[in-house]
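Structure, as structure tokens:
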Amino acid sequence: MAGPLPVAFLNGAFSPLETARISPLDRGFLYGDAVYEVIPVYAGRPFLLAEHLARLERSLHELSIPQPHPAAQWLAILQQLITANGGGTMYVYLQVSRGSEWGRNHAIPAGLAPTVFAFAAELPAEDSPAGTPGVRAITAPDCRWNRCDIKSTNLLGNVLAKTAAAAVGATETIFLADGELREGSSSAILVVHGDTVRAPVESRAILPSTSRRLALKLATEAGLRVHVGPVPVAALVAADEVWMCNATRALLPVVAIDDRPVGDGRPGRHWHAVRAGLDAYRRAVADLPPLQPLA
Ligand SMILES: Cc1ncc(COP(=O)(O)O)c(C=O)c1O
């Protein structure tokens with residue numbers, strides 16, 4: 001389990017994570033009325049920051065939660081948080097809830113001030129591409145609401161699904177609905193047939209994933225075809241390769257689903273090619289000059 005780092009940000013101030021406190025009447029706590037982002041940091045630099053901030057903006061907009069900070073302020077907050085936690089490699093979690101009220105009302109009262117929270121944590125260790133055995137997944141019916149495109153903290157369906165995977169020693173639960181692939185409990189899922197990478201259409205049923213977009217771009221650069229469209233469960237079952245991706249785990253090969261091997265049960269050659277592209281991309285970003293703190 002990747003541990004949290006000591007310094008957090010809460011409502012305009014940095015303090016030890018251990019002593020950070022919010023009201024129990026915060027709507028994030030009472031209703032899951034909050035949105036969040038998870039941003040990897042390589043060499044002190046938030047990775048795909050513009051994409052994450054754009055998705056945060058969209059999530060806030062869809063729920064009519066006021067945006068507490070313009071992008072430049074977010075960057076300054078993240079830079080300070082990263083520096084205060086020693087820089088280097090980590091991930092940053094940031095959350096904006098609608099705020100707290102005096103009491104509890106389902107209907108949203110006017111004039112609440114959002115609660116803004118961020119902390120940093122270690123990134124999970126990555127296997128070397130040559131040495132990785134890949135990960136196992138299980139499938140389950142998608143039991144979540146129909147606005148999974150919003151990155152909200154309402155994650156009970158995801159949490160229960162992840163726990164079911166962990167209970168059988170698997171890394172991920174892949175959600176299925178209406179005979180089609182949706183996504184993982186905390187990841188996007190891509191399916192490879194021959195030289196084609198298939199991805200479900202972005203819709204209200206799945207999160208627009210930053211790492212999926214990058215993986216598809218790198219797949220194209222590696223000479224693969226990308227097909228975005230419905231992915232029937234039969235295509236998942238018959239896949240040569242299956243990949244899961246998210247901000248903290250980058251791109252992982254899924255080698256077994258529901259105890260059946262994917263392809264030959266080993267990380268596939270196309271995964272190796274795209275993972276090599278991803279590693280080169282991450283190295284190039286890490287080699288850029290450090291971001292200058294904003295005034
Ligand atoms: C449900 C779900 N889908 C997809 C993703 C992948 O999104 P990203 O690549 O932006 O991390 C995540 C990430 O946590 C997720 O929770």
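In the structure tokens, each chain is lettered A, B, ... as it comes, each chain's residues begin at 1, and ligands are numbered from 1 in order of appearance.
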
Checklist entry - Neighbours of ligand 1 within 8 Å, counting only C-alpha atoms and all ligand atoms, as a list in words? => result Glu37, Val38, Ile39, His52, Cys148, Lys151, Asn158, Glu183, Gly184, Ser185, Ser186, Ser187, Ala188, Ile189, Ile206, Leu207, Pro208, Ser209, Thr210, Ser211, Arg212, Arg213, Cys245, Asn246, Ala247, Thr248 and Ala250 of chain A

Next on the checklist: Need to verify the contact set: segment 77-80 of chain A, 8 Å, only C-alpha atoms, exclusion of same-chain residues closer than 4 positions in sequence. Can you return it as JSON, numbers by chain?
Outcome noted: {"A": [9, 44, 46, 73, 84, 92, 293]}

Per residue of segment 40-89 of chain A within 12 Å of segment 105-128 of chain A, which atom pair is closest and at what distance in Å (one decimal), using only C-alpha atoms, listed by chain and increasing number, as a Markdown table?
| residue | atom | partner | partner_atom | distance |
| --- | --- | --- | --- | --- |
| A:Pro40 | CA | A:Leu123 | CA | 7.4 |
| A:Val41 | CA | A:Leu123 | CA | 8.5 |
| A:Tyr42 | CA | A:Leu123 | CA | 9.7 |
| A:Gly44 | CA | A:Ala120 | CA | 11.6 |
| A:Pro46 | CA | A:Ala120 | CA | 11.4 |
| A:Leu60 | CA | A:Pro114 | CA | 10.5 |
| A:Leu63 | CA | A:Ile108 | CA | 10.6 |
| A:Ser64 | CA | A:Ile108 | CA | 10.0 |
| A:Ile65 | CA | A:Pro114 | CA | 7.4 |
| A:Pro66 | CA | A:Pro114 | CA | 7.1 |
| A:Gln67 | CA | A:Pro114 | CA | 8.3 |
| A:Pro68 | CA | A:Pro114 | CA | 6.8 |
| A:His69 | CA | A:Val116 | CA | 9.4 |
| A:Trp74 | CA | A:Ala118 | CA | 10.4 |
| A:Ile77 | CA | A:Ala118 | CA | 8.8 |
| A:Leu78 | CA | A:Ala118 | CA | 8.3 |
| A:Gln79 | CA | A:Ala120 | CA | 11.2 |
| A:Gln80 | CA | A:Phe119 | CA | 11.0 |
| A:Leu81 | CA | A:Phe119 | CA | 7.4 |
| A:Ile82 | CA | A:Ala120 | CA | 7.3 |
| A:Thr83 | CA | A:Ala120 | CA | 10.5 |
| A:Ala84 | CA | A:Ala120 | CA | 9.8 |
| A:Asn85 | CA | A:Ala120 | CA | 7.4 |
| A:Gly86 | CA | A:Ala120 | CA | 10.3 |
| A:Gly87 | CA | A:Ala120 | CA | 10.2 |
| A:Gly88 | CA | A:Glu122 | CA | 9.9 |
| A:Thr89 | CA | A:Leu123 | CA | 7.0 |

Cut-off 9 Å: closest segment 85-203 of chain A/segment 255-264 of chain A atom pairs per residue, using only C-alpha atoms, as a Markdown table:
| residue | atom | partner | partner_atom | distance |
| --- | --- | --- | --- | --- |
| A:Pro133 | CA | A:Val255 | CA | 7.9 |
| A:Gly134 | CA | A:Val255 | CA | 5.6 |
| A:Val135 | CA | A:Val255 | CA | 5.8 |
| A:Arg136 | CA | A:Ala256 | CA | 4.8 |
| A:Ala137 | CA | A:Ile257 | CA | 4.8 |
| A:Ile138 | CA | A:Asp258 | CA | 4.6 |
| A:Thr139 | CA | A:Asp258 | CA | 6.5 |
| A:Ala170 | CA | A:Ile257 | CA | 9.0 |
| A:Ile174 | CA | A:Ile257 | CA | 8.7 |

Checklist entry - Could you write out, as a PyMOL selection string, all the residues of segment 35-101 of chain A that DSSP marks as strand (DSSP E or B)? => result chain A and resi 35-42+45-46+90-97+100

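Taking only C-alpha atoms, the non-local environment of His193 of chain A within 10 Å (same-chain residues fewer than 6 positions away omitted) comprises A:Arg225, A:Ala235, A:Leu236, A:Ala238, A:Ala239, A:Asp240, A:Glu241, A:Val242, A:Gly263.
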
Item to check | Residues within 10 Å of Thr132 of chain A, only C-alpha atoms, excluding chain neighbours under 6 positions, as a ChimeraX atom specification | outcome: /A:126,252-253,266-267

All heavy atoms of the current selection, written as a PDB file, in the first residue's frame:
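So part_16.pdb came out as:
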ATOM      1  N   GLU A 126       6.411   0.120  -9.696  1.00  0.00           N
ATOM      2  CA  GLU A 126       6.136  -0.476 -11.015  1.00  0.00           C
ATOM      3  C   GLU A 126       7.116  -1.610 -11.280  1.00  0.00           C
ATOM      4  O   GLU A 126       8.307  -1.470 -11.045  1.00  0.00           O
ATOM      5  CB  GLU A 126       6.336   0.577 -12.118  1.00  0.00           C
ATOM      6  CG  GLU A 126       5.106   1.397 -12.375  1.00  0.00           C
ATOM      7  CD  GLU A 126       5.312   2.409 -13.497  1.00  0.00           C
ATOM      8  OE1 GLU A 126       6.080   2.128 -14.449  1.00  0.00           O
ATOM      9  OE2 GLU A 126       4.716   3.486 -13.397  1.00  0.00           O
ATOM     10  N   LEU A 252      -1.020  -1.382 -17.540  1.00  0.00           N
ATOM     11  CA  LEU A 252      -0.693  -2.738 -17.081  1.00  0.00           C
ATOM     12  C   LEU A 252      -1.320  -3.772 -18.014  1.00  0.00           C
ATOM     13  O   LEU A 252      -2.456  -3.593 -18.479  1.00  0.00           O
ATOM     14  CB  LEU A 252      -1.232  -2.966 -15.667  1.00  0.00           C
ATOM     15  CG  LEU A 252      -0.640  -2.110 -14.545  1.00  0.00           C
ATOM     16  CD1 LEU A 252      -1.326  -2.440 -13.213  1.00  0.00           C
ATOM     17  CD2 LEU A 252       0.856  -2.345 -14.425  1.00  0.00           C
ATOM     18  N   PRO A 253      -0.609  -4.876 -18.264  1.00  0.00           N
ATOM     19  CA  PRO A 253      -1.199  -5.960 -19.057  1.00  0.00           C
ATOM     20  C   PRO A 253      -2.063  -6.855 -18.164  1.00  0.00           C
ATOM     21  O   PRO A 253      -1.624  -7.304 -17.110  1.00  0.00           O
ATOM     22  CB  PRO A 253       0.043  -6.724 -19.551  1.00  0.00           C
ATOM     23  CG  PRO A 253       1.099  -6.458 -18.526  1.00  0.00           C
ATOM     24  CD  PRO A 253       0.786  -5.155 -17.850  1.00  0.00           C
ATOM     25  N   ARG A 266       0.359 -14.211 -21.086  1.00  0.00           N
ATOM     26  CA  ARG A 266       1.532 -13.384 -20.751  1.00  0.00           C
ATOM     27  C   ARG A 266       1.361 -11.986 -21.343  1.00  0.00           C
ATOM     28  O   ARG A 266       0.587 -11.824 -22.299  1.00  0.00           O
ATOM     29  CB  ARG A 266       2.811 -14.018 -21.310  1.00  0.00           C
ATOM     30  CG  ARG A 266       3.209 -15.275 -20.558  1.00  0.00           C
ATOM     31  CD  ARG A 266       4.436 -15.896 -21.153  1.00  0.00           C
ATOM     32  NE  ARG A 266       4.231 -16.186 -22.588  1.00  0.00           N
ATOM     33  CZ  ARG A 266       5.163 -16.625 -23.405  1.00  0.00           C
ATOM     34  NH1 ARG A 266       6.382 -16.827 -22.967  1.00  0.00           N
ATOM     35  NH2 ARG A 266       4.904 -16.865 -24.673  1.00  0.00           N
ATOM     36  N   PRO A 267       2.072 -10.985 -20.792  1.00  0.00           N
ATOM     37  CA  PRO A 267       1.977  -9.645 -21.382  1.00  0.00           C
ATOM     38  C   PRO A 267       2.278  -9.716 -22.880  1.00  0.00           C
ATOM     39  O   PRO A 267       3.253 -10.339 -23.293  1.00  0.00           O
ATOM     40  CB  PRO A 267       3.055  -8.850 -20.632  1.00  0.00           C
ATOM     41  CG  PRO A 267       3.200  -9.577 -19.321  1.00  0.00           C
ATOM     42  CD  PRO A 267       2.970 -11.030 -19.629  1.00  0.00           C
TER      43      PRO A 267
END

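Atom CA of Ser59 of chain A sits 5.0 Å away from atom CA of Ile150 of chain A.
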
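Residue nearest Tyr31 of chain A, chosen from A:Asp142, A:Ala72, A:Leu156, A:Glu57 and counting only C-alpha atoms: A:Leu156.
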
Item to check | DSSP-assigned alpha helix (DSSP H) among segment 135-171 of chain A, expressed as a ChimeraX atom specification | outcome: /A:156-167

Checklist entry - Skipping near chain neighbours, those fewer than 2 positions away, what residues fall within 12 Å of Val285 of chain A using only C-alpha atoms, listed as a PyMOL selection string? => result chain A and resi 41-49+278-283+287-291

Item to check | All residues 10 Å or closer to Arg144 of chain A, only C-alpha atoms, same chain fewer than 5 positions away omitted, as a PyMOL selection string | outcome: chain A and resi 154-158+175+205

Checklist entry - From the set A:His272, A:His61, A:Arg198, A:Arg249, which residue has the shortest atom-to-atom contact distance to Tyr91 of chain A, counting only C-alpha atoms? => result A:Arg249

Checklist entry - atom CA of Pro4 of chain A and atom CA of Tyr93 of chain A are how many Å apart? => result 10.0 Å

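Compared by their closest atoms to Val197 of chain A, and using only C-alpha atoms, the residues A:Ala161, A:Leu216, A:Ala234, A:Ala273 rank with A:Leu216 nearest.
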